[in-house]
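Visitor: Please read through the structure below; I'll follow up with questions.
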Amino acid sequence: MGIAEGKRALVVGVANDKSLAWFIARELSAQGAAVALTYQGEVLERRVRPLAEEIGATVVGQLDVSDDDQIAATFDKIAQTWDGLDMLVHAVAFAEREDLRDRFLEVNRRGFARALEISAYSLVALARAAEPLMEKRGGGSIVTLSYLGAVRAVPNYNVMGVAKAALEACVRYLALDLGPKAIRVNALSAGPARTLSSSAIRDFYTMAHEVEARSPLKRAMKPEEAAKMAVALLSDLSSGVTGQTVYVDAGYSIAGL
Ligand code: NAD
């Protein structure tokens with residue numbers, strides 16, 4: 001029997017078959033969860049629908065996390081489909097391409113606000129919408145995806161690092177608010193992985209090779225490894241863990257050199 005048997009999971013952030021959210025959705029399904037997916041817009045819908053079919057997931061519909069009406073509609077649909085929600089995956093981030101190169105110093109007010117709204121505030125908005133559905137199930141677990149740039153200055157990660165720092169702080173405050181309702185909130189800080197989002201970061205692949213060479217495990221993190229830890233954090237295996245940022249990075253973050 002899988003560790004997510006009988007659970008209902010909403011996964012936000014699948015863009016294609018390279019998305020970390022896709023690896024998590026697949027692992028959740030393999031571990032017995034009923035999975036629901038959203039897609040950001042019509043262009044991505046064409047990619048997400050066949051993936052959903054592959055794991056028998058429900059496609060809830062379009063969800064742009066900057067649109068409160070779409071958030072409300074998504075959770076209304078979940079409430080109509082299931083008698084509550086056990087697990088929520090937030091794997092969403094955005095920054096203007098020009099803010100992921102050159103100097104952080106140059107970021108303008110709009111780019112800064114947008115990166116923080118989409119990449120950090122959206123977790124708060126989704127958690128708030130999920131709360132009553134998780135309460136119905138007697139509790140739940142929320143996982144978001146972060147990166148080392150939250151706590152270290154990583155060249156070119158720039159405003160996204162600031163957004164991830166805010167995201168990790170949001171995780172702690174949400175954990176405090178939702179803990180009394182047995183809802184846990186954690187971040188998984190993943191090592192570099194080749195995805196649509198990471199391709200926007202200047203010199204990402206050079207940096208990823210450097211990380212591989214310096215990691216204690218002397219290799220890259222595999223997306224499947226991030227997915228397995230995400231499912232552990234979402235499941236009862238981690239019932240005493242909340243408000244944490246857990247690193248799945250082949251050990252890179254502990255290395256001195
Ligand atoms: P991805 O491009 O596959 O996923 C990013 C997702 O964010 C996409 O599905 C996109 O549609 C969604 N998104 C962006 N703006 C949105 C909006 N307004 N509304 C709804 N959805 C929106 O890339 P990924 O690397 O799998 O990213 C998933 C998460 O993992 C992100 O939070 C990213 O920062 C994080 N992460 C990635 C890496 C990496 O190296 N790839 C490392 C650590 C953390």
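Identifiers in this document derive from the order of the structure tokens: chains are assigned A, B, ..., residues are numbered from 1 separately in each chain, and ligands are numbered from 1 in order of occurrence.
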Write out as JSON, numbers by chain each polymer residue (protein, DNA or RNA) that has an atom no more than 6 Å from ligand 1, with only C-alpha atoms and all ligand atoms counted.

Guide: {"A": [13, 14, 15, 18, 19, 20, 21, 40, 63, 64, 65, 66, 91, 92, 93, 94, 118, 145, 146, 147, 189, 190, 191, 192, 193, 194, 195, 196, 197, 198]}

Visitor: Take the residues from that selection and put them in a file with N, CA and C atoms, as a PDB file, in the first residue's frame.

Guide:
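Result written to again05.pdb:
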ATOM      1  N   GLY A  13       1.513  23.916 -10.683  1.00  0.00           N
ATOM      2  CA  GLY A  13       2.850  24.223 -11.201  1.00  0.00           C
ATOM      3  C   GLY A  13       3.377  23.264 -12.249  1.00  0.00           C
ATOM      4  N   VAL A  14       2.500  22.406 -12.794  1.00  0.00           N
ATOM      5  CA  VAL A  14       2.970  21.551 -13.893  1.00  0.00           C
ATOM      6  C   VAL A  14       2.896  22.367 -15.196  1.00  0.00           C
ATOM      7  N   ALA A  15       4.053  22.475 -15.872  1.00  0.00           N
ATOM      8  CA  ALA A  15       4.086  23.139 -17.183  1.00  0.00           C
ATOM      9  C   ALA A  15       4.365  22.104 -18.270  1.00  0.00           C
ATOM     10  N   LYS A  18       9.115  18.128 -17.643  1.00  0.00           N
ATOM     11  CA  LYS A  18      10.358  18.422 -16.919  1.00  0.00           C
ATOM     12  C   LYS A  18      10.060  19.117 -15.584  1.00  0.00           C
ATOM     13  N   SER A  19       8.842  19.592 -15.418  1.00  0.00           N
ATOM     14  CA  SER A  19       8.477  20.355 -14.213  1.00  0.00           C
ATOM     15  C   SER A  19       8.665  19.522 -12.958  1.00  0.00           C
ATOM     16  N   LEU A  20       9.243  20.126 -11.922  1.00  0.00           N
ATOM     17  CA  LEU A  20       9.369  19.415 -10.640  1.00  0.00           C
ATOM     18  C   LEU A  20       7.975  19.011 -10.145  1.00  0.00           C
ATOM     19  N   ALA A  21       6.982  19.862 -10.396  1.00  0.00           N
ATOM     20  CA  ALA A  21       5.611  19.539  -9.981  1.00  0.00           C
ATOM     21  C   ALA A  21       5.112  18.253 -10.650  1.00  0.00           C
ATOM     22  N   GLN A  40      -1.470  26.943 -16.086  1.00  0.00           N
ATOM     23  CA  GLN A  40      -1.419  28.404 -15.984  1.00  0.00           C
ATOM     24  C   GLN A  40      -2.241  29.112 -17.060  1.00  0.00           C
ATOM     25  N   LEU A  63      -5.413  28.044 -13.763  1.00  0.00           N
ATOM     26  CA  LEU A  63      -5.158  28.782 -12.523  1.00  0.00           C
ATOM     27  C   LEU A  63      -3.939  29.672 -12.697  1.00  0.00           C
ATOM     28  N   ASP A  64      -4.221  30.976 -12.832  1.00  0.00           N
ATOM     29  CA  ASP A  64      -3.150  31.964 -12.760  1.00  0.00           C
ATOM     30  C   ASP A  64      -3.184  32.466 -11.323  1.00  0.00           C
ATOM     31  N   VAL A  65      -2.106  32.243 -10.580  1.00  0.00           N
ATOM     32  CA  VAL A  65      -2.143  32.528  -9.136  1.00  0.00           C
ATOM     33  C   VAL A  65      -2.212  34.016  -8.803  1.00  0.00           C
ATOM     34  N   SER A  66      -2.100  34.887  -9.837  1.00  0.00           N
ATOM     35  CA  SER A  66      -2.261  36.311  -9.556  1.00  0.00           C
ATOM     36  C   SER A  66      -3.737  36.737  -9.662  1.00  0.00           C
ATOM     37  N   ALA A  91       4.269  24.850  -6.655  1.00  0.00           N
ATOM     38  CA  ALA A  91       5.557  24.795  -7.377  1.00  0.00           C
ATOM     39  C   ALA A  91       5.527  25.862  -8.459  1.00  0.00           C
ATOM     40  N   VAL A  92       5.381  27.097  -8.008  1.00  0.00           N
ATOM     41  CA  VAL A  92       5.143  28.228  -8.905  1.00  0.00           C
ATOM     42  C   VAL A  92       6.168  29.320  -8.637  1.00  0.00           C
ATOM     43  N   ALA A  93       6.763  29.840  -9.688  1.00  0.00           N
ATOM     44  CA  ALA A  93       7.684  30.969  -9.523  1.00  0.00           C
ATOM     45  C   ALA A  93       7.742  31.747 -10.828  1.00  0.00           C
ATOM     46  N   PHE A  94       7.969  33.042 -10.692  1.00  0.00           N
ATOM     47  CA  PHE A  94       8.132  33.874 -11.888  1.00  0.00           C
ATOM     48  C   PHE A  94       8.942  35.122 -11.570  1.00  0.00           C
ATOM     49  N   ILE A 118       4.011  36.583  -7.407  1.00  0.00           N
ATOM     50  CA  ILE A 118       3.785  35.262  -8.018  1.00  0.00           C
ATOM     51  C   ILE A 118       4.505  34.162  -7.248  1.00  0.00           C
ATOM     52  N   LEU A 145       8.201  24.845  -3.162  1.00  0.00           N
ATOM     53  CA  LEU A 145       9.566  24.586  -3.627  1.00  0.00           C
ATOM     54  C   LEU A 145      10.415  25.839  -3.541  1.00  0.00           C
ATOM     55  N   SER A 146      11.577  25.693  -2.897  1.00  0.00           N
ATOM     56  CA  SER A 146      12.479  26.822  -2.754  1.00  0.00           C
ATOM     57  C   SER A 146      13.844  26.475  -3.337  1.00  0.00           C
ATOM     58  N   TYR A 147      14.759  27.405  -3.156  1.00  0.00           N
ATOM     59  CA  TYR A 147      16.114  27.199  -3.686  1.00  0.00           C
ATOM     60  C   TYR A 147      17.110  27.918  -2.774  1.00  0.00           C
ATOM     61  N   SER A 189      13.831  22.669  -0.511  1.00  0.00           N
ATOM     62  CA  SER A 189      14.818  23.437  -1.272  1.00  0.00           C
ATOM     63  C   SER A 189      15.574  22.478  -2.183  1.00  0.00           C
ATOM     64  N   ALA A 190      15.273  22.580  -3.466  1.00  0.00           N
ATOM     65  CA  ALA A 190      15.807  21.622  -4.445  1.00  0.00           C
ATOM     66  C   ALA A 190      17.109  22.125  -5.060  1.00  0.00           C
ATOM     67  N   GLY A 191      17.957  21.182  -5.454  1.00  0.00           N
ATOM     68  CA  GLY A 191      19.145  21.541  -6.222  1.00  0.00           C
ATOM     69  C   GLY A 191      18.743  21.923  -7.640  1.00  0.00           C
ATOM     70  N   PRO A 192      19.708  22.422  -8.442  1.00  0.00           N
ATOM     71  CA  PRO A 192      19.379  22.849  -9.802  1.00  0.00           C
ATOM     72  C   PRO A 192      18.843  21.704 -10.658  1.00  0.00           C
ATOM     73  N   ALA A 193      17.778  21.980 -11.397  1.00  0.00           N
ATOM     74  CA  ALA A 193      17.203  20.991 -12.319  1.00  0.00           C
ATOM     75  C   ALA A 193      16.838  21.705 -13.615  1.00  0.00           C
ATOM     76  N   ARG A 194      16.993  21.012 -14.739  1.00  0.00           N
ATOM     77  CA  ARG A 194      16.691  21.630 -16.033  1.00  0.00           C
ATOM     78  C   ARG A 194      15.193  21.680 -16.275  1.00  0.00           C
ATOM     79  N   THR A 195      14.642  22.869 -16.167  1.00  0.00           N
ATOM     80  CA  THR A 195      13.203  23.060 -16.401  1.00  0.00           C
ATOM     81  C   THR A 195      13.010  24.348 -17.201  1.00  0.00           C
ATOM     82  N   LEU A 196      11.746  24.577 -17.561  1.00  0.00           N
ATOM     83  CA  LEU A 196      11.407  25.795 -18.294  1.00  0.00           C
ATOM     84  C   LEU A 196      11.844  27.032 -17.496  1.00  0.00           C
ATOM     85  N   SER A 197      11.554  27.057 -16.220  1.00  0.00           N
ATOM     86  CA  SER A 197      11.877  28.220 -15.382  1.00  0.00           C
ATOM     87  C   SER A 197      13.381  28.425 -15.263  1.00  0.00           C
ATOM     88  N   SER A 198      14.117  27.336 -15.004  1.00  0.00           N
ATOM     89  CA  SER A 198      15.548  27.515 -14.752  1.00  0.00           C
ATOM     90  C   SER A 198      16.280  27.958 -16.017  1.00  0.00           C
TER      91      SER A 198
END

Visitor: From a DSSP pass on the backbone, collect the residues of range 16-71 of chain A flagged as strand (DSSP E or B) and hand them back as a PyMOL selection string.

Guide: chain A and resi 34-39+58-62

Visitor: Output N, CA, C and O atoms of each residue in that selection to a file, as a CSV table (one decimal), in the first residue's frame.

Guide:
chain,number,residue,atom,x,y,z
A,34,ALA,N,-5.1,10.4,-5.0
A,34,ALA,CA,-5.9,11.0,-6.1
A,34,ALA,C,-5.3,12.4,-6.4
A,34,ALA,O,-5.2,13.2,-5.4
A,35,VAL,N,-5.0,12.7,-7.6
A,35,VAL,CA,-4.3,13.9,-7.9
A,35,VAL,C,-5.1,14.8,-8.8
A,35,VAL,O,-5.8,14.4,-9.7
A,36,ALA,N,-5.1,16.1,-8.5
A,36,ALA,CA,-5.7,17.1,-9.4
A,36,ALA,C,-4.6,18.1,-9.8
A,36,ALA,O,-3.8,18.5,-9.0
A,37,LEU,N,-4.7,18.5,-11.1
A,37,LEU,CA,-3.7,19.4,-11.6
A,37,LEU,C,-4.4,20.7,-12.1
A,37,LEU,O,-5.5,20.6,-12.5
A,38,THR,N,-3.6,21.8,-12.2
A,38,THR,CA,-4.1,23.0,-12.8
A,38,THR,C,-3.1,23.4,-13.9
A,38,THR,O,-2.0,22.8,-13.9
A,39,TYR,N,-3.4,24.3,-14.8
A,39,TYR,CA,-2.5,24.8,-15.7
A,39,TYR,C,-2.6,26.3,-15.8
A,39,TYR,O,-3.7,26.9,-15.5
A,58,THR,N,-7.2,14.4,-12.3
A,58,THR,CA,-8.3,15.3,-12.7
A,58,THR,C,-7.6,16.6,-13.1
A,58,THR,O,-6.7,17.1,-12.4
A,59,VAL,N,-8.1,17.2,-14.2
A,59,VAL,CA,-7.6,18.6,-14.5
A,59,VAL,C,-8.7,19.5,-14.1
A,59,VAL,O,-9.8,19.6,-14.5
A,60,VAL,N,-8.3,20.3,-13.1
A,60,VAL,CA,-9.3,21.2,-12.4
A,60,VAL,C,-9.6,22.4,-13.4
A,60,VAL,O,-10.7,22.9,-13.4
A,61,GLY,N,-8.5,22.9,-14.1
A,61,GLY,CA,-8.8,24.0,-15.0
A,61,GLY,C,-7.6,25.0,-14.9
A,61,GLY,O,-6.6,24.7,-14.3
A,62,GLN,N,-7.9,26.2,-15.5
A,62,GLN,CA,-6.8,27.2,-15.5
A,62,GLN,C,-6.7,27.9,-14.2
A,62,GLN,O,-7.6,28.2,-13.5

Visitor: Give me, as a PyMOL selection string, all polymer residues having an atom no more than 12 Å from range 133-135 of chain A, counting only C-alpha atoms and skipping those fewer than 4 positions away in the same chain.

Guide: chain A and resi 7-10+74-88+126-129+139-142+178-184

Visitor: Could the residues in this selection be written to a file with C-alpha atoms, as a compact mmCIF listing (two decimals), in the first residue's frame?

Guide:
# COMPACT_ATOMS: atom_id res chain seq x y z
CA LYS A 7 -5.32 11.08 0.07
CA ARG A 8 -6.48 13.87 -2.23
CA ALA A 9 -3.73 16.10 -3.60
CA LEU A 10 -3.81 19.34 -5.59
CA THR A 74 -10.15 26.19 -8.42
CA PHE A 75 -10.94 25.46 -4.78
CA ASP A 76 -14.71 25.51 -5.49
CA LYS A 77 -14.11 22.80 -8.07
CA ILE A 78 -12.00 20.80 -5.64
CA ALA A 79 -14.81 21.09 -3.06
CA GLN A 80 -17.28 19.78 -5.66
CA THR A 81 -14.99 16.90 -6.68
CA TRP A 82 -13.73 15.69 -3.31
CA ASP A 83 -14.88 15.81 0.31
CA GLY A 84 -11.92 18.00 1.23
CA LEU A 85 -8.20 18.17 0.48
CA ASP A 86 -5.25 16.48 2.19
CA MET A 87 -2.24 17.76 0.25
CA LEU A 88 -1.29 20.90 -1.65
CA LEU A 126 -3.48 29.13 -1.95
CA ALA A 127 -2.99 28.10 1.69
CA ARG A 128 -5.88 30.36 2.74
CA ALA A 129 -8.13 28.81 0.11
CA GLY A 139 -5.71 18.36 8.76
CA GLY A 140 -3.39 18.43 5.78
CA SER A 141 0.06 19.16 4.44
CA ILE A 142 1.33 21.89 2.14
CA LEU A 178 -2.30 26.52 10.50
CA GLY A 179 -0.61 24.23 13.04
CA PRO A 180 -3.56 24.29 15.48
CA LYS A 181 -5.68 22.88 12.66
CA ALA A 182 -3.18 20.03 12.07
CA ILE A 183 -2.18 21.58 8.75
CA ARG A 184 1.58 21.43 8.18

Visitor: Please measure the separation of CA of Val124 in chain A and CA of Leu188 in chain A, giving the value in Å to one decimal.

Guide: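 According to the coordinates, CA of Val124 in chain A and CA of Leu188 in chain A are separated by 16.2 Å.
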
Visitor: Can you tell me, as a VMD selection string, which residues in range 128-191 of chain A count as helix (DSSP H, G or I) by DSSP?

Guide: chain A and resid 128 to 136 148 to 150 158 to 181

Visitor: Okay, now the selection with N, CA, C and O atoms, as a CSV table (one decimal), in the first residue's frame?

Guide:
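And here is the file that came out, again22.csv:
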chain,number,residue,atom,x,y,z
A,128,ARG,N,-4.6,29.8,2.2
A,128,ARG,CA,-5.9,30.4,2.7
A,128,ARG,C,-7.1,29.7,2.1
A,128,ARG,O,-8.0,29.3,2.8
A,129,ALA,N,-7.0,29.5,0.8
A,129,ALA,CA,-8.1,28.8,0.1
A,129,ALA,C,-8.2,27.3,0.5
A,129,ALA,O,-9.3,26.7,0.5
A,130,ALA,N,-7.1,26.7,0.8
A,130,ALA,CA,-7.0,25.3,1.1
A,130,ALA,C,-7.5,25.0,2.5
A,130,ALA,O,-8.0,23.9,2.8
A,131,GLU,N,-7.3,26.0,3.4
A,131,GLU,CA,-7.6,25.8,4.8
A,131,GLU,C,-8.9,25.1,5.1
A,131,GLU,O,-8.9,24.0,5.8
A,132,PRO,N,-10.1,25.6,4.6
A,132,PRO,CA,-11.3,25.0,5.0
A,132,PRO,C,-11.5,23.6,4.5
A,132,PRO,O,-12.1,22.7,5.1
A,133,LEU,N,-10.9,23.3,3.3
A,133,LEU,CA,-11.0,22.0,2.7
A,133,LEU,C,-10.1,21.0,3.5
A,133,LEU,O,-10.4,19.8,3.6
A,134,MET,N,-9.0,21.5,4.0
A,134,MET,CA,-8.1,20.6,4.8
A,134,MET,C,-8.7,20.4,6.2
A,134,MET,O,-8.6,19.3,6.7
A,135,GLU,N,-9.4,21.4,6.7
A,135,GLU,CA,-10.0,21.2,8.0
A,135,GLU,C,-11.1,20.1,7.9
A,135,GLU,O,-11.2,19.4,8.9
A,136,LYS,N,-11.8,20.1,6.8
A,136,LYS,CA,-12.8,19.0,6.6
A,136,LYS,C,-12.2,17.6,6.7
A,136,LYS,O,-12.9,16.7,7.1
A,148,LEU,N,18.3,27.4,-2.8
A,148,LEU,CA,19.4,28.0,-1.9
A,148,LEU,C,19.6,29.5,-2.1
A,148,LEU,O,20.1,30.1,-1.1
A,149,GLY,N,19.2,30.0,-3.2
A,149,GLY,CA,19.3,31.5,-3.4
A,149,GLY,C,18.5,32.3,-2.4
A,149,GLY,O,18.7,33.5,-2.3
A,150,ALA,N,17.7,31.6,-1.6
A,150,ALA,CA,17.0,32.3,-0.5
A,150,ALA,C,17.9,32.7,0.6
A,150,ALA,O,17.7,33.7,1.3
A,158,ASN,N,19.3,36.6,-8.3
A,158,ASN,CA,18.8,37.9,-8.0
A,158,ASN,C,17.5,38.0,-7.3
A,158,ASN,O,17.3,37.5,-6.2
A,159,VAL,N,16.5,38.7,-7.9
A,159,VAL,CA,15.2,39.0,-7.2
A,159,VAL,C,14.5,37.7,-6.9
A,159,VAL,O,13.7,37.6,-5.9
A,160,MET,N,14.8,36.6,-7.6
A,160,MET,CA,14.2,35.3,-7.3
A,160,MET,C,14.7,34.8,-5.9
A,160,MET,O,13.9,34.2,-5.2
A,161,GLY,N,15.9,35.1,-5.6
A,161,GLY,CA,16.4,34.8,-4.3
A,161,GLY,C,15.7,35.5,-3.2
A,161,GLY,O,15.4,34.9,-2.1
A,162,VAL,N,15.4,36.8,-3.4
A,162,VAL,CA,14.7,37.6,-2.4
A,162,VAL,C,13.2,37.0,-2.3
A,162,VAL,O,12.7,36.9,-1.2
A,163,ALA,N,12.7,36.6,-3.4
A,163,ALA,CA,11.3,36.0,-3.4
A,163,ALA,C,11.3,34.7,-2.6
A,163,ALA,O,10.4,34.4,-1.9
A,164,LYS,N,12.4,33.9,-2.8
A,164,LYS,CA,12.5,32.6,-2.1
A,164,LYS,C,12.7,32.8,-0.6
A,164,LYS,O,12.2,32.0,0.2
A,165,ALA,N,13.4,33.9,-0.2
A,165,ALA,CA,13.6,34.2,1.2
A,165,ALA,C,12.2,34.5,1.8
A,165,ALA,O,11.9,34.1,2.9
A,166,ALA,N,11.4,35.3,1.0
A,166,ALA,CA,10.1,35.7,1.5
A,166,ALA,C,9.2,34.4,1.6
A,166,ALA,O,8.5,34.2,2.5
A,167,LEU,N,9.4,33.5,0.6
A,167,LEU,CA,8.6,32.3,0.5
A,167,LEU,C,8.9,31.4,1.8
A,167,LEU,O,8.0,30.9,2.4
A,168,GLU,N,10.2,31.3,2.1
A,168,GLU,CA,10.5,30.5,3.3
A,168,GLU,C,10.0,31.1,4.6
A,168,GLU,O,9.6,30.4,5.5
A,169,ALA,N,10.0,32.4,4.6
A,169,ALA,CA,9.4,33.1,5.8
A,169,ALA,C,7.9,32.9,5.8
A,169,ALA,O,7.3,32.6,6.9
A,170,CYS,N,7.3,32.9,4.7
A,170,CYS,CA,5.8,32.7,4.6
A,170,CYS,C,5.5,31.3,5.1
A,170,CYS,O,4.5,31.1,5.8
A,171,VAL,N,6.4,30.3,4.8
A,171,VAL,CA,6.2,28.9,5.3
A,171,VAL,C,6.2,28.9,6.8
A,171,VAL,O,5.3,28.2,7.4
A,172,ARG,N,7.1,29.6,7.4
A,172,ARG,CA,7.1,29.6,8.9
A,172,ARG,C,5.8,30.2,9.5
A,172,ARG,O,5.3,29.7,10.4
A,173,TYR,N,5.4,31.4,8.9
A,173,TYR,CA,4.2,32.1,9.5
A,173,TYR,C,3.0,31.3,9.2
A,173,TYR,O,2.1,31.2,10.1
A,174,LEU,N,2.9,30.6,8.0
A,174,LEU,CA,1.7,29.8,7.7
A,174,LEU,C,1.7,28.6,8.7
A,174,LEU,O,0.6,28.2,9.1
A,175,ALA,N,2.9,28.0,8.9
A,175,ALA,CA,2.9,26.9,9.8
A,175,ALA,C,2.4,27.2,11.2
A,175,ALA,O,1.7,26.4,11.8
A,176,LEU,N,2.7,28.4,11.6
A,176,LEU,CA,2.3,28.9,13.0
A,176,LEU,C,0.7,29.1,13.0
A,176,LEU,O,0.1,28.7,13.9
A,177,ASP,N,0.2,29.7,11.9
A,177,ASP,CA,-1.3,29.9,11.8
A,177,ASP,C,-2.0,28.6,11.7
A,177,ASP,O,-3.1,28.5,12.2
A,178,LEU,N,-1.5,27.7,10.9
A,178,LEU,CA,-2.3,26.5,10.5
A,178,LEU,C,-2.0,25.3,11.4
A,178,LEU,O,-2.8,24.3,11.4
A,179,GLY,N,-1.0,25.4,12.2
A,179,GLY,CA,-0.6,24.2,13.0
A,179,GLY,C,-1.8,23.8,13.9
A,179,GLY,O,-2.0,22.6,14.0
A,180,PRO,N,-2.5,24.7,14.6
A,180,PRO,CA,-3.6,24.3,15.5
A,180,PRO,C,-4.6,23.5,14.7
A,180,PRO,O,-5.4,22.8,15.4
A,181,LYS,N,-4.7,23.6,13.4
A,181,LYS,CA,-5.7,22.9,12.7
A,181,LYS,C,-5.1,21.6,12.1
A,181,LYS,O,-5.6,21.0,11.1

Visitor: For CA of Glu54 in chain A and CA of Val248 in chain A, quote the distance in Å rounded to one decimal.

Guide: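 Value for the CA of Glu54 in chain A-CA of Val248 in chain A distance: 26.0 Å.
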
Visitor: Go ahead and compute the interatomic distance for CA of Ser253 in chain A and CA of Met207 in chain A, in Å to one decimal.

Guide: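 Between CA of Ser253 in chain A and CA of Met207 in chain A the gap works out to 13.7 Å.
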
Visitor: Fewer than 5 positions away in the same chain doesn't count, so skip those; otherwise give me all residues within 9 Å of Asn156 in chain A, counting only C-alpha atoms, as a list in words.

Guide: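 That gives Asp99, Leu100, Arg101, Asp102, Arg103, Phe104, Ile201, Arg202, Asp203 and Phe204 of chain A.
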
Visitor: Suppose we keep N, CA and C atoms; can you now write the selection as a compact mmCIF listing (two decimals), in the first residue's frame?

Guide:
# COMPACT_ATOMS: atom_id res chain seq x y z
N ASP A 99 15.47 40.30 -15.11
CA ASP A 99 15.85 40.35 -13.69
C ASP A 99 16.63 39.11 -13.26
N LEU A 100 16.83 38.16 -14.17
CA LEU A 100 17.57 36.95 -13.85
C LEU A 100 18.93 36.95 -14.56
N ARG A 101 19.40 38.11 -14.84
CA ARG A 101 20.71 38.33 -15.43
C ARG A 101 21.16 39.71 -14.98
N ASP A 102 22.38 40.00 -15.20
CA ASP A 102 22.90 41.32 -14.79
C ASP A 102 22.80 41.52 -13.28
N ARG A 103 22.83 42.79 -12.89
CA ARG A 103 22.94 43.07 -11.46
C ARG A 103 21.57 43.11 -10.77
N PHE A 104 21.51 42.52 -9.58
CA PHE A 104 20.28 42.58 -8.77
C PHE A 104 19.86 44.02 -8.53
N ILE A 201 17.40 31.61 -16.28
CA ILE A 201 18.47 32.17 -15.44
C ILE A 201 19.79 32.14 -16.20
N ARG A 202 20.41 33.27 -16.34
CA ARG A 202 21.67 33.33 -17.09
C ARG A 202 22.73 32.41 -16.47
N ASP A 203 23.45 31.71 -17.35
CA ASP A 203 24.54 30.81 -16.94
C ASP A 203 24.09 29.69 -16.00
N PHE A 204 22.81 29.34 -16.07
CA PHE A 204 22.29 28.33 -15.15
C PHE A 204 23.03 27.00 -15.30

Visitor: Mind checking which residues fall within 12 Å of Met229 in chain A, counting only C-alpha atoms, ignoring those fewer than 6 positions away in the same chain, and posting them as a list in words?

Guide: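 In the requested form, the answer reads Leu20, Phe23, Ile24, Glu27, Leu28, Val143, Thr144, Leu145, Asn186, Ala187, Leu188, Ser189, Ala190, Met221, Lys222, Pro223, Ser235, Leu237, Ser238, Thr245, Val246, Tyr247, Val248 and Asp249 of chain A.
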
Visitor: Tell me, as a PyMOL selection string, which residues lie within 8 Å of Arg47 in chain A, counting only C-alpha atoms; anything in the same chain fewer than 3 positions away does not count.

Guide: chain A and resi 15-16+43-44+50-51
